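Structure file data-v3.cif with mmCIF, C-alpha atoms:
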```
data_run
#
loop_
_atom_site.group_PDB
_atom_site.id
_atom_site.type_symbol
_atom_site.label_atom_id
_atom_site.label_comp_id
_atom_site.auth_asym_id
_atom_site.auth_seq_id
_atom_site.Cartn_x
_atom_site.Cartn_y
_atom_site.Cartn_z
ATOM 1 C CA MET R 9 172.922 130.276 93.849
ATOM 2 C CA THR R 10 174.667 127.765 91.607
ATOM 3 C CA ALA R 11 172.748 126.248 88.720
ATOM 4 C CA ASN R 12 172.479 122.787 90.252
ATOM 5 C CA SER R 13 171.108 124.220 93.515
ATOM 6 C CA TYR R 14 167.924 125.313 91.748
ATOM 7 C CA THR R 15 164.782 123.494 92.880
ATOM 8 C CA GLY R 16 161.375 124.135 91.368
ATOM 9 C CA ARG R 17 158.023 122.505 91.898
ATOM 10 C CA PHE R 18 154.587 121.841 90.461
ATOM 11 C CA ALA R 19 151.866 121.660 93.111
ATOM 12 C CA PRO R 20 148.423 120.730 91.766
ATOM 13 C CA SER R 21 145.329 120.175 93.889
ATOM 14 C CA PRO R 22 143.579 116.828 93.201
ATOM 15 C CA THR R 23 140.207 118.387 92.454
ATOM 16 C CA GLY R 24 140.114 116.901 88.969
ATOM 17 C CA PRO R 25 142.344 115.993 86.003
ATOM 18 C CA LEU R 26 144.875 118.417 84.561
ATOM 19 C CA HIS R 27 143.672 120.832 81.867
ATOM 20 C CA PHE R 28 145.546 123.117 79.486
ATOM 21 C CA GLY R 29 145.986 125.879 82.078
ATOM 22 C CA SER R 30 147.612 123.362 84.426
ATOM 23 C CA LEU R 31 149.853 122.172 81.592
ATOM 24 C CA VAL R 32 151.108 125.701 80.962
ATOM 25 C CA THR R 33 152.142 126.003 84.616
ATOM 26 C CA ALA R 34 153.739 122.552 84.677
ATOM 27 C CA THR R 35 155.597 123.317 81.447
ATOM 28 C CA ALA R 36 157.024 126.605 82.694
ATOM 29 C CA SER R 37 158.039 125.264 86.098
ATOM 30 C CA TYR R 38 159.634 122.155 84.562
ATOM 31 C CA PHE R 39 161.709 123.829 81.857
ATOM 32 C CA GLN R 40 162.688 126.704 84.140
ATOM 33 C CA ALA R 41 164.232 124.061 86.425
ATOM 34 C CA LYS R 42 165.763 121.945 83.670
ATOM 35 C CA SER R 43 167.240 124.931 81.846
ATOM 36 C CA LYS R 44 169.142 125.637 85.065
ATOM 37 C CA LYS R 45 170.146 121.974 85.482
ATOM 38 C CA GLY R 46 168.063 121.955 88.648
ATOM 39 C CA LYS R 47 165.554 119.625 90.302
ATOM 40 C CA TRP R 48 161.820 119.591 89.626
ATOM 41 C CA LEU R 49 159.498 118.293 92.334
ATOM 42 C CA VAL R 50 155.816 117.403 92.438
ATOM 43 C CA ARG R 51 153.646 118.129 95.460
ATOM 44 C CA ILE R 52 150.002 117.095 95.677
ATOM 45 C CA GLU R 53 148.146 119.764 97.658
ATOM 46 C CA ASP R 54 145.418 117.564 99.111
ATOM 47 C CA ILE R 55 144.639 119.184 102.454
ATOM 48 C CA ASP R 56 141.145 120.279 101.369
ATOM 49 C CA LYS R 57 139.419 116.901 101.496
ATOM 50 C CA GLU R 58 135.995 118.351 100.703
ATOM 51 C CA ARG R 59 137.186 119.485 97.259
ATOM 52 C CA GLU R 60 139.310 116.434 96.482
ATOM 53 C CA GLN R 61 138.064 114.210 93.664
ATOM 54 C CA GLN R 62 138.658 110.503 94.130
ATOM 55 C CA GLY R 63 141.307 109.228 91.731
ATOM 56 C CA ALA R 64 142.390 112.725 90.640
ATOM 57 C CA SER R 65 145.940 112.371 91.994
ATOM 58 C CA THR R 66 146.505 109.307 89.807
ATOM 59 C CA LEU R 67 145.084 111.085 86.759
ATOM 60 C CA ILE R 68 147.371 114.066 87.390
ATOM 61 C CA LEU R 69 150.500 111.942 87.725
ATOM 62 C CA ASN R 70 149.614 109.899 84.640
ATOM 63 C CA ALA R 71 149.202 113.107 82.631
ATOM 64 C CA LEU R 72 152.568 114.429 83.805
ATOM 65 C CA GLU R 73 154.278 111.191 82.826
ATOM 66 C CA ALA R 74 152.544 111.181 79.428
ATOM 67 C CA HIS R 75 154.042 114.638 78.806
ATOM 68 C CA HIS R 76 157.447 113.363 80.014
ATOM 69 C CA PHE R 77 157.448 115.540 83.106
ATOM 70 C CA PHE R 78 159.331 113.174 85.404
ATOM 71 C CA TRP R 79 159.899 114.349 88.971
ATOM 72 C CA ASP R 80 163.310 114.193 90.632
ATOM 73 C CA ASP R 81 162.334 113.093 94.131
ATOM 74 C CA ASP R 82 159.510 111.402 96.006
ATOM 75 C CA ILE R 83 156.097 112.942 95.551
ATOM 76 C CA VAL R 84 154.967 114.900 98.602
ATOM 77 C CA TYR R 85 151.334 114.766 99.733
ATOM 78 C CA GLN R 86 150.248 117.574 102.033
ATOM 79 C CA SER R 87 147.829 115.234 103.806
ATOM 80 C CA ASN R 88 150.867 113.370 105.176
ATOM 81 C CA ARG R 89 152.558 116.471 106.576
ATOM 82 C CA GLN R 90 150.342 117.548 109.457
ATOM 83 C CA GLU R 91 153.142 117.188 112.011
ATOM 84 C CA TYR R 92 155.222 119.805 110.190
ATOM 85 C CA TYR R 93 152.330 122.235 110.014
ATOM 86 C CA GLN R 94 151.530 121.745 113.703
ATOM 87 C CA ASP R 95 155.175 122.358 114.558
ATOM 88 C CA ALA R 96 155.039 125.667 112.674
ATOM 89 C CA ILE R 97 151.838 126.644 114.487
ATOM 90 C CA GLN R 98 153.431 125.903 117.860
ATOM 91 C CA LYS R 99 156.381 128.124 116.984
ATOM 92 C CA LEU R 100 154.065 130.959 115.936
ATOM 93 C CA ASN R 101 152.048 130.478 119.144
ATOM 94 C CA LYS R 102 155.224 130.869 121.199
ATOM 95 C CA LEU R 103 155.859 134.189 119.473
ATOM 96 C CA ASN R 104 152.454 135.378 120.786
ATOM 97 C CA ILE R 105 151.298 136.313 117.289
ATOM 98 C CA THR R 106 148.298 133.992 116.989
ATOM 99 C CA TYR R 107 144.877 134.002 118.591
ATOM 100 C CA ARG R 108 141.746 131.875 118.635
ATOM 101 C CA CYS R 109 138.698 133.198 116.808
ATOM 102 C CA GLN R 110 135.052 132.131 116.956
ATOM 103 C CA CYS R 111 133.771 134.339 114.150
ATOM 104 C CA SER R 112 131.774 132.864 111.310
ATOM 105 C CA ARG R 113 131.503 134.512 107.907
ATOM 106 C CA LYS R 114 127.968 135.548 108.772
ATOM 107 C CA SER R 115 128.952 137.136 112.091
ATOM 108 C CA ILE R 116 131.798 139.017 110.423
ATOM 109 C CA GLN R 117 129.448 140.428 107.783
ATOM 110 C CA GLN R 118 126.968 141.444 110.465
ATOM 111 C CA TYR R 119 129.724 143.220 112.404
ATOM 112 C CA LEU R 120 130.904 145.046 109.280
ATOM 113 C CA GLU R 121 127.395 146.183 108.420
ATOM 114 C CA LYS R 122 126.663 147.286 111.994
ATOM 115 C CA HIS R 123 129.825 149.381 112.133
ATOM 116 C CA LYS R 124 129.411 150.589 108.531
ATOM 117 C CA LEU R 125 132.608 148.834 107.468
ATOM 118 C CA HIS R 126 130.930 146.655 104.864
ATOM 119 C CA ASN R 127 132.524 146.548 101.422
ATOM 120 C CA SER R 128 130.324 145.460 98.533
ATOM 121 C CA ASN R 129 133.323 143.613 97.109
ATOM 122 C CA SER R 130 133.634 140.822 99.698
ATOM 123 C CA ALA R 131 136.970 139.725 98.238
ATOM 124 C CA LEU R 132 138.459 142.937 99.637
ATOM 125 C CA THR R 133 136.940 142.591 103.095
ATOM 126 C CA ILE R 134 139.573 142.741 105.826
ATOM 127 C CA TYR R 135 138.883 140.854 109.055
ATOM 128 C CA PRO R 136 138.251 143.614 111.649
ATOM 129 C CA GLY R 137 139.967 141.858 114.569
ATOM 130 C CA ILE R 138 136.794 141.080 116.509
ATOM 131 C CA CYS R 139 138.440 138.315 118.570
ATOM 132 C CA ARG R 140 141.895 139.870 118.884
ATOM 133 C CA ASN R 141 141.518 140.691 122.574
ATOM 134 C CA LYS R 142 139.242 137.834 123.575
ATOM 135 C CA ASN R 143 140.528 134.927 125.599
ATOM 136 C CA ILE R 144 138.712 132.078 123.899
ATOM 137 C CA HIS R 145 139.183 128.728 125.609
ATOM 138 C CA ILE R 146 141.013 126.103 123.594
ATOM 139 C CA LYS R 147 138.120 123.646 124.027
ATOM 140 C CA GLN R 148 135.670 126.023 122.371
ATOM 141 C CA SER R 149 135.174 125.706 118.621
ATOM 142 C CA HIS R 150 137.566 128.128 116.951
ATOM 143 C CA THR R 151 139.890 128.939 114.093
ATOM 144 C CA LEU R 152 143.444 130.175 114.652
ATOM 145 C CA ARG R 153 144.406 133.528 113.185
ATOM 146 C CA LEU R 154 147.766 135.191 112.669
ATOM 147 C CA LEU R 155 148.076 138.570 114.368
ATOM 148 C CA VAL R 156 149.178 140.765 111.464
ATOM 149 C CA HIS R 157 150.839 144.102 112.088
ATOM 150 C CA ASP R 158 151.336 146.451 109.184
ATOM 151 C CA GLN R 159 154.609 146.026 107.385
ATOM 152 C CA GLU R 160 155.799 146.343 103.837
ATOM 153 C CA ILE R 161 156.719 143.171 101.983
ATOM 154 C CA THR R 162 158.717 143.598 98.811
ATOM 155 C CA PHE R 163 159.909 141.000 96.343
ATOM 156 C CA THR R 164 160.997 140.979 92.718
ATOM 157 C CA ASP R 165 158.975 138.614 90.569
ATOM 158 C CA THR R 166 160.882 137.035 87.671
ATOM 159 C CA ILE R 167 158.134 138.043 85.215
ATOM 160 C CA GLN R 168 156.041 140.670 87.005
ATOM 161 C CA GLY R 169 158.922 142.757 88.369
ATOM 162 C CA LYS R 170 158.973 144.558 91.722
ATOM 163 C CA GLN R 171 155.986 143.808 93.967
ATOM 164 C CA VAL R 172 155.121 145.804 97.086
ATOM 165 C CA SER R 173 152.435 144.714 99.521
ATOM 166 C CA HIS R 174 151.259 146.077 102.869
ATOM 167 C CA THR R 175 150.217 143.324 105.244
ATOM 168 C CA LYS R 176 147.457 145.434 106.805
ATOM 169 C CA TYR R 177 145.405 144.742 103.686
ATOM 170 C CA HIS R 178 145.483 141.015 104.462
ATOM 171 C CA GLY R 179 144.061 141.411 107.954
ATOM 172 C CA ASP R 180 144.537 138.678 110.561
ATOM 173 C CA PHE R 181 144.215 135.705 108.227
ATOM 174 C CA ILE R 182 143.393 132.143 109.277
ATOM 175 C CA LEU R 183 146.159 129.570 109.774
ATOM 176 C CA GLN R 184 144.087 126.687 111.114
ATOM 177 C CA LYS R 185 140.436 125.803 110.537
ATOM 178 C CA ARG R 186 137.886 124.668 113.115
ATOM 179 C CA ASP R 187 138.438 121.012 112.223
ATOM 180 C CA GLY R 188 142.161 121.327 112.975
ATOM 181 C CA SER R 189 143.330 121.272 109.363
ATOM 182 C CA VAL R 190 145.621 124.064 108.221
ATOM 183 C CA THR R 191 145.009 126.575 105.461
ATOM 184 C CA TYR R 192 146.635 126.756 102.060
ATOM 185 C CA GLN R 193 148.793 129.739 103.045
ATOM 186 C CA LEU R 194 150.462 128.007 105.986
ATOM 187 C CA ALA R 195 150.897 124.644 104.264
ATOM 188 C CA VAL R 196 152.492 126.111 101.135
ATOM 189 C CA ALA R 197 154.787 128.414 103.104
ATOM 190 C CA ILE R 198 156.114 125.485 105.148
ATOM 191 C CA ASP R 199 156.312 123.023 102.262
ATOM 192 C CA ASP R 200 158.290 125.366 100.027
ATOM 193 C CA VAL R 201 160.863 125.804 102.791
ATOM 194 C CA GLN R 202 161.132 122.126 103.693
ATOM 195 C CA GLN R 203 161.432 121.074 100.056
ATOM 196 C CA ASN R 204 164.184 123.686 99.545
ATOM 197 C CA ILE R 205 162.264 125.364 96.730
ATOM 198 C CA THR R 206 164.373 128.175 95.312
ATOM 199 C CA GLU R 207 161.794 129.558 92.865
ATOM 200 C CA VAL R 208 158.000 129.233 92.874
ATOM 201 C CA VAL R 209 156.629 129.240 89.323
ATOM 202 C CA ARG R 210 152.821 129.445 89.263
ATOM 203 C CA GLY R 211 149.848 131.364 87.867
ATOM 204 C CA PHE R 212 149.334 135.107 88.201
ATOM 205 C CA ASP R 213 146.084 134.499 90.102
ATOM 206 C CA LEU R 214 148.198 133.425 93.100
ATOM 207 C CA ILE R 215 150.470 136.467 93.239
ATOM 208 C CA ASP R 216 148.560 137.991 96.180
ATOM 209 C CA SER R 217 149.256 134.842 98.210
ATOM 210 C CA SER R 218 152.997 135.427 97.955
ATOM 211 C CA SER R 219 153.155 138.188 100.563
ATOM 212 C CA LYS R 220 151.199 136.063 103.076
ATOM 213 C CA GLN R 221 153.555 133.147 102.539
ATOM 214 C CA ILE R 222 156.607 135.393 102.734
ATOM 215 C CA LEU R 223 155.254 136.835 105.987
ATOM 216 C CA ILE R 224 154.881 133.369 107.550
ATOM 217 C CA GLN R 225 158.339 132.329 106.379
ATOM 218 C CA SER R 226 159.981 135.513 107.667
ATOM 219 C CA LEU R 227 158.285 135.230 111.066
ATOM 220 C CA LEU R 228 159.771 131.733 111.376
ATOM 221 C CA ASN R 229 163.186 132.928 110.133
ATOM 222 C CA HIS R 230 162.995 130.698 107.064
ATOM 223 C CA PRO R 231 164.629 131.456 103.702
ATOM 224 C CA ILE R 232 162.362 133.091 101.124
ATOM 225 C CA PRO R 233 162.171 131.598 97.616
ATOM 226 C CA LYS R 234 162.041 133.633 94.445
ATOM 227 C CA TYR R 235 158.673 133.994 92.726
ATOM 228 C CA CYS R 236 157.626 133.831 89.100
ATOM 229 C CA HIS R 237 153.949 134.396 88.272
ATOM 230 C CA LEU R 238 152.814 133.345 84.824
ATOM 231 C CA PRO R 239 149.940 134.662 82.706
ATOM 232 C CA ILE R 240 146.821 132.608 83.329
ATOM 233 C CA ILE R 241 144.791 130.900 80.637
ATOM 234 C CA GLY R 242 141.117 131.771 80.355
ATOM 235 C CA THR R 243 138.060 131.968 78.162
ATOM 236 C CA ASN R 244 136.548 134.800 76.129
ATOM 237 C CA ASP R 245 134.190 135.714 78.983
ATOM 238 C CA GLY R 246 137.118 136.477 81.294
ATOM 239 C CA THR R 247 136.884 133.256 83.300
ATOM 240 C CA LYS R 248 140.047 131.413 84.290
ATOM 241 C CA LEU R 249 140.341 127.957 82.780
ATOM 242 C CA SER R 250 139.768 125.620 85.730
ATOM 243 C CA LYS R 251 138.463 122.236 86.766
ATOM 244 C CA HIS R 252 135.640 123.975 88.614
ATOM 245 C CA ASN R 253 134.497 125.634 85.398
ATOM 246 C CA GLY R 254 134.567 122.380 83.460
ATOM 247 C CA ALA R 255 137.831 122.832 81.565
ATOM 248 C CA LYS R 256 138.503 119.968 79.167
ATOM 249 C CA PRO R 257 141.001 117.419 80.585
ATOM 250 C CA LEU R 258 144.303 116.862 78.802
ATOM 251 C CA GLU R 259 144.399 113.956 76.366
ATOM 252 C CA ASN R 260 147.487 111.889 77.074
ATOM 253 C CA HIS R 261 147.693 110.496 73.524
ATOM 254 C CA LEU R 262 148.040 114.083 72.257
ATOM 255 C CA ALA R 263 150.902 114.936 74.608
ATOM 256 C CA SER R 264 153.294 116.224 71.930
ATOM 257 C CA SER R 265 150.841 118.639 70.320
ATOM 258 C CA GLN R 266 149.537 119.820 73.710
ATOM 259 C CA LEU R 267 153.064 120.489 74.977
ATOM 260 C CA TRP R 268 153.922 122.303 71.736
ATOM 261 C CA LYS R 269 150.853 124.496 72.240
ATOM 262 C CA ALA R 270 151.773 125.206 75.882
ATOM 263 C CA LEU R 271 155.278 126.278 74.824
ATOM 264 C CA SER R 272 153.717 128.533 72.210
ATOM 265 C CA TYR R 273 151.469 130.204 74.790
ATOM 266 C CA LEU R 274 154.603 130.759 76.866
ATOM 267 C CA LYS R 275 156.219 132.631 73.933
ATOM 268 C CA GLN R 276 158.966 130.040 73.412
ATOM 269 C CA TYR R 277 158.170 129.713 69.678
ATOM 270 C CA PRO R 278 158.832 125.986 69.144
ATOM 271 C CA PRO R 279 159.382 125.019 65.471
ATOM 272 C CA LEU R 280 156.198 123.898 63.730
ATOM 273 C CA GLU R 281 157.777 120.586 62.709
ATOM 274 C CA LEU R 282 158.088 119.624 66.385
ATOM 275 C CA LYS R 283 154.325 119.744 66.850
ATOM 276 C CA SER R 284 154.049 116.150 65.639
ATOM 277 C CA ALA R 285 157.549 115.020 66.614
ATOM 278 C CA ASN R 286 158.500 112.530 69.269
ATOM 279 C CA ILE R 287 157.820 114.186 72.613
ATOM 280 C CA GLN R 288 161.411 113.641 73.760
ATOM 281 C CA GLU R 289 162.638 115.669 70.774
ATOM 282 C CA LEU R 290 160.337 118.478 71.876
ATOM 283 C CA HIS R 291 161.693 118.193 75.406
ATOM 284 C CA ASN R 292 165.276 118.363 74.196
ATOM 285 C CA TRP R 293 164.520 121.479 72.159
ATOM 286 C CA ALA R 294 162.650 123.176 75.010
ATOM 287 C CA THR R 295 165.378 122.472 77.569
ATOM 288 C CA GLN R 296 168.034 123.965 75.294
ATOM 289 C CA ASN R 297 165.982 126.964 74.149
ATOM 290 C CA TRP R 298 163.899 127.858 77.201
ATOM 291 C CA ASP R 299 163.965 131.564 78.063
ATOM 292 C CA ILE R 300 161.636 132.827 80.811
ATOM 293 C CA ASN R 301 162.368 136.412 79.745
ATOM 294 C CA ARG R 302 160.283 135.945 76.603
ATOM 295 C CA ILE R 303 157.141 135.918 78.758
ATOM 296 C CA SER R 304 155.697 139.418 79.062
ATOM 297 C CA ASN R 305 153.950 140.911 82.090
ATOM 298 C CA LYS R 306 151.797 143.093 79.830
ATOM 299 C CA HIS R 307 149.252 140.337 79.206
ATOM 300 C CA ASN R 308 148.511 138.282 82.318
ATOM 301 C CA PHE R 309 145.303 136.790 80.937
ATOM 302 C CA LEU R 310 145.601 134.761 77.730
ATOM 303 C CA ILE R 311 142.556 133.488 75.836
ATOM 304 C CA TYR R 312 142.469 129.738 75.269
ATOM 305 C CA LYS R 313 141.734 128.881 71.630
#
```

As structure tokens, the full file:
Amino acid sequence: MTANSYTGRFAPSPTGPLHFGSLVTATASYFQAKSKKGKWLVRIEDIDKEREQQGASTLILNALEAHHFFWDDDIVYQSNRQEYYQDAIQKLNKLNITYRCQCSRKSIQQYLEKHKLHNSNSALTIYPGICRNKNIHIKQSHTLRLLVHDQEITFTDTIQGKQVSHTKYHGDFILQKRDGSVTYQLAVAIDDVQQNITEVVRGFDLIDSSSKQILIQSLLNHPIPKYCHLPIIGTNDGTKLSKHNGAKPLENHLASSQLWKALSYLKQYPPLELKSANIQELHNWATQNWDINRISNKHNFLIYK
């Protein structure tokens, strides 16, 4: 891969304004791309309309511009890309590796309890394949699941090192919801391919999604991007900084000091005098001095102060 073939991306969900945790991710993805003389793209992941906050996309883009994070191509909105997702689903259907499922969360839990498969940690519950061999009519209300056979997926994360995952621990995960909209895993897998993303830089909390997305991409014979999972920013009680938890929005008039702080959290050690400098000076310094290797994988949860 030549330097100018590098393409990175920042892909926020419009569930609220950007906060400091978002800024850390945007900062790392941006300067990782610019240090390689590559392109940096912005994608608004707005397929979950129930969680979308009106006006959030505009707030997000305004905050990026205030911090001088200017994108290198048209902004992509997932809500405008349904035809691409449906095309991917049709291709997976033709491979006979999808099936319709009528199970609700409640019915799955009841099945697990009845067969003594229930796990008290619901986050680790694997779908037991209840509908795998059922022939559910297309007109009946259903989700669409991917038929997942056990295989080992291995990738080397730029920060986290070698990662090995067995797909059997994902179970047959959902690709399409009952209302016809697609899930995050499918949309991201397809978008990263179609936008020619060469490296995905994002938070450590999403590392488990990588193997699902790699699986989808490999089944469709698509190229697989590199991955780079950053430490996440959280509070003293162990909670990730997020819009859902009421994280304080970025203040655009404090862009220089906020960016300086984000670079500091990312172990780039910007000079103190740049904290109050013109933001373009800070950008110039960060582009010239950015080094992803300074970020350690020993501390994947950093306390916001």

- Find the residues near segment 206-219 of chain R: any atom within 10 Å, counting only C-alpha atoms, skip ones fewer than 4 places away on the same chain, and give them as an MDAnalysis selection string. chainID R and resid 9 13:19 29:30 32:38 40:41 46:47 160:163 165:168 171:175 178 192:193 196:197 200:201 223:225 231:241 248 305 308:309

The selected residues should be written to file as a PDB file, in the coordinates of the input (atoms: C-alpha atoms).
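Written output follows (part_3.pdb):
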```
ATOM      1  CA  MET R   9     172.922 130.276  93.849  1.00  0.00           C
ATOM      2  CA  SER R  13     171.108 124.220  93.515  1.00  0.00           C
ATOM      3  CA  TYR R  14     167.924 125.313  91.748  1.00  0.00           C
ATOM      4  CA  THR R  15     164.782 123.494  92.880  1.00  0.00           C
ATOM      5  CA  GLY R  16     161.375 124.135  91.368  1.00  0.00           C
ATOM      6  CA  ARG R  17     158.023 122.505  91.898  1.00  0.00           C
ATOM      7  CA  PHE R  18     154.587 121.841  90.461  1.00  0.00           C
ATOM      8  CA  ALA R  19     151.866 121.660  93.111  1.00  0.00           C
ATOM      9  CA  GLY R  29     145.986 125.879  82.078  1.00  0.00           C
ATOM     10  CA  SER R  30     147.612 123.362  84.426  1.00  0.00           C
ATOM     11  CA  VAL R  32     151.108 125.701  80.962  1.00  0.00           C
ATOM     12  CA  THR R  33     152.142 126.003  84.616  1.00  0.00           C
ATOM     13  CA  ALA R  34     153.739 122.552  84.677  1.00  0.00           C
ATOM     14  CA  THR R  35     155.597 123.317  81.447  1.00  0.00           C
ATOM     15  CA  ALA R  36     157.024 126.605  82.694  1.00  0.00           C
ATOM     16  CA  SER R  37     158.039 125.264  86.098  1.00  0.00           C
ATOM     17  CA  TYR R  38     159.634 122.155  84.562  1.00  0.00           C
ATOM     18  CA  GLN R  40     162.688 126.704  84.140  1.00  0.00           C
ATOM     19  CA  ALA R  41     164.232 124.061  86.425  1.00  0.00           C
ATOM     20  CA  GLY R  46     168.063 121.955  88.648  1.00  0.00           C
ATOM     21  CA  LYS R  47     165.554 119.625  90.302  1.00  0.00           C
ATOM     22  CA  GLU R 160     155.799 146.343 103.837  1.00  0.00           C
ATOM     23  CA  ILE R 161     156.719 143.171 101.983  1.00  0.00           C
ATOM     24  CA  THR R 162     158.717 143.598  98.811  1.00  0.00           C
ATOM     25  CA  PHE R 163     159.909 141.000  96.343  1.00  0.00           C
ATOM     26  CA  ASP R 165     158.975 138.614  90.569  1.00  0.00           C
ATOM     27  CA  THR R 166     160.882 137.035  87.671  1.00  0.00           C
ATOM     28  CA  ILE R 167     158.134 138.043  85.215  1.00  0.00           C
ATOM     29  CA  GLN R 168     156.041 140.670  87.005  1.00  0.00           C
ATOM     30  CA  GLN R 171     155.986 143.808  93.967  1.00  0.00           C
ATOM     31  CA  VAL R 172     155.121 145.804  97.086  1.00  0.00           C
ATOM     32  CA  SER R 173     152.435 144.714  99.521  1.00  0.00           C
ATOM     33  CA  HIS R 174     151.259 146.077 102.869  1.00  0.00           C
ATOM     34  CA  THR R 175     150.217 143.324 105.244  1.00  0.00           C
ATOM     35  CA  HIS R 178     145.483 141.015 104.462  1.00  0.00           C
ATOM     36  CA  TYR R 192     146.635 126.756 102.060  1.00  0.00           C
ATOM     37  CA  GLN R 193     148.793 129.739 103.045  1.00  0.00           C
ATOM     38  CA  VAL R 196     152.492 126.111 101.135  1.00  0.00           C
ATOM     39  CA  ALA R 197     154.787 128.414 103.104  1.00  0.00           C
ATOM     40  CA  ASP R 200     158.290 125.366 100.027  1.00  0.00           C
ATOM     41  CA  VAL R 201     160.863 125.804 102.791  1.00  0.00           C
ATOM     42  CA  LEU R 223     155.254 136.835 105.987  1.00  0.00           C
ATOM     43  CA  ILE R 224     154.881 133.369 107.550  1.00  0.00           C
ATOM     44  CA  GLN R 225     158.339 132.329 106.379  1.00  0.00           C
ATOM     45  CA  PRO R 231     164.629 131.456 103.702  1.00  0.00           C
ATOM     46  CA  ILE R 232     162.362 133.091 101.124  1.00  0.00           C
ATOM     47  CA  PRO R 233     162.171 131.598  97.616  1.00  0.00           C
ATOM     48  CA  LYS R 234     162.041 133.633  94.445  1.00  0.00           C
ATOM     49  CA  TYR R 235     158.673 133.994  92.726  1.00  0.00           C
ATOM     50  CA  CYS R 236     157.626 133.831  89.100  1.00  0.00           C
ATOM     51  CA  HIS R 237     153.949 134.396  88.272  1.00  0.00           C
ATOM     52  CA  LEU R 238     152.814 133.345  84.824  1.00  0.00           C
ATOM     53  CA  PRO R 239     149.940 134.662  82.706  1.00  0.00           C
ATOM     54  CA  ILE R 240     146.821 132.608  83.329  1.00  0.00           C
ATOM     55  CA  ILE R 241     144.791 130.900  80.637  1.00  0.00           C
ATOM     56  CA  LYS R 248     140.047 131.413  84.290  1.00  0.00           C
ATOM     57  CA  ASN R 305     153.950 140.911  82.090  1.00  0.00           C
ATOM     58  CA  ASN R 308     148.511 138.282  82.318  1.00  0.00           C
ATOM     59  CA  PHE R 309     145.303 136.790  80.937  1.00  0.00           C
TER      60      PHE R 309
END
```

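Among R:Phe39, R:Cys109, R:Lys306, R:Pro20, the residue with the shortest atom-to-atom distance to Leu290 of chain R, counting all atoms listed in the file, is R:Phe39.
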
- Message: Taking the file as I've supplied it (selection: the PyMOL selection byres ((chain R and resi 116) around 12)), which residues are included? Please answer as a ChimeraX atom specification.
- Response: /R:109-115,117-127,130,133-139

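Separating atom CA of Lys185 of chain R from atom CA of Ala96 of chain R is a distance of 14.8 Å.
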
- Task: Write out as number ranges by chain each polymer residue whose atoms come within 8 Å of Leu267 of chain R, counting all atoms listed in the file; drop sequence neighbours fewer than 4 positions from it.
- Result: R: 31, 35, 75, 263, 271

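Comparing the minimum interatomic distances between Leu262 of chain R and each of R:Ile55, R:Ile205, R:Ala74, R:Ile311, counting only C-alpha atoms, we find that R:Ala74 sits nearest.
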
- Task: Write out as a ChimeraX atom specification the residues lying within 12 Å of Gln86 of chain R, counting only C-alpha atoms and excluding same-chain residues fewer than 4 positions away.
- Result: /R:19-22,50-57,90-93,189-192,194-200,202-203

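For the set R:His261, R:His76, R:Arg302, R:Lys251, the residue with the smallest atom-to-atom gap to Tyr273 of chain R is R:Arg302, counting all atoms listed in the file.
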
Give me, as CSV, each residue of segment 86-127 of chain R that comes within 6 Å of segment 151-159 of chain R, together with its shortest interatomic pair and the distance in Å at one decimal, counting all atoms listed in the file, with rows ordered by chain and rising residue number.
```
residue,atom,partner,partner_atom,distance
R:Ile105,CA,R:Leu155,CA,4.9
R:Thr106,CA,R:Leu154,CA,4.5
R:Tyr107,CA,R:Arg153,CA,5.4
R:Arg108,CA,R:Leu152,CA,4.7
R:Cys109,CA,R:Thr151,CA,5.2
```

Print the selection's residues with C-alpha atoms to a file, as a PDB file, in the coordinates of the input.
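part-v4.pdb, freshly written:
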```pdb
ATOM      1  CA  ILE R 105     151.298 136.313 117.289  1.00  0.00           C
ATOM      2  CA  THR R 106     148.298 133.992 116.989  1.00  0.00           C
ATOM      3  CA  TYR R 107     144.877 134.002 118.591  1.00  0.00           C
ATOM      4  CA  ARG R 108     141.746 131.875 118.635  1.00  0.00           C
ATOM      5  CA  CYS R 109     138.698 133.198 116.808  1.00  0.00           C
TER       6      CYS R 109
END
```

- Item | Point-to-point distance from atom CA of Leu228 of chain R to atom CA of Asn204 of chain R, Å rounded to tenths |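 Distance reported for this atom pair: 15.0 Å.
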
- Item | Å distance separating atom CA of Asn143 of chain R from atom CA of Asn104 of chain R, one decimal place |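 One can read the atom CA of Asn143 of chain R to atom CA of Asn104 of chain R distance as 12.9 Å.
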
- Query: So which residues get picked by the PyMOL selection byres ((chain R and resi 276) around 10) here, written as JSON, numbers by chain?
  - Reply: {"R": [268, 269, 270, 271, 272, 273, 274, 275, 277, 278, 279, 294, 297, 298, 299, 300, 301, 302, 303]}

Using all atoms of segment 200-209 of chain R that appear in the file, construct an axis-aligned enclosing box with 8 Å of padding on every side and provide its centre coordinates and edge lengths in Å, rounded to one decimal, as AutoDock Vina command-line options.
```
--center_x 160.5 --center_y 125.3 --center_z 96.5 --size_x 23.7 --size_y 24.5 --size_z 30.4
```

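Nearest residue to Gln221 of chain R, choosing from R:Leu183, R:Phe77, R:Lys142, R:Lys176 and counting all atoms listed in the file: R:Leu183.
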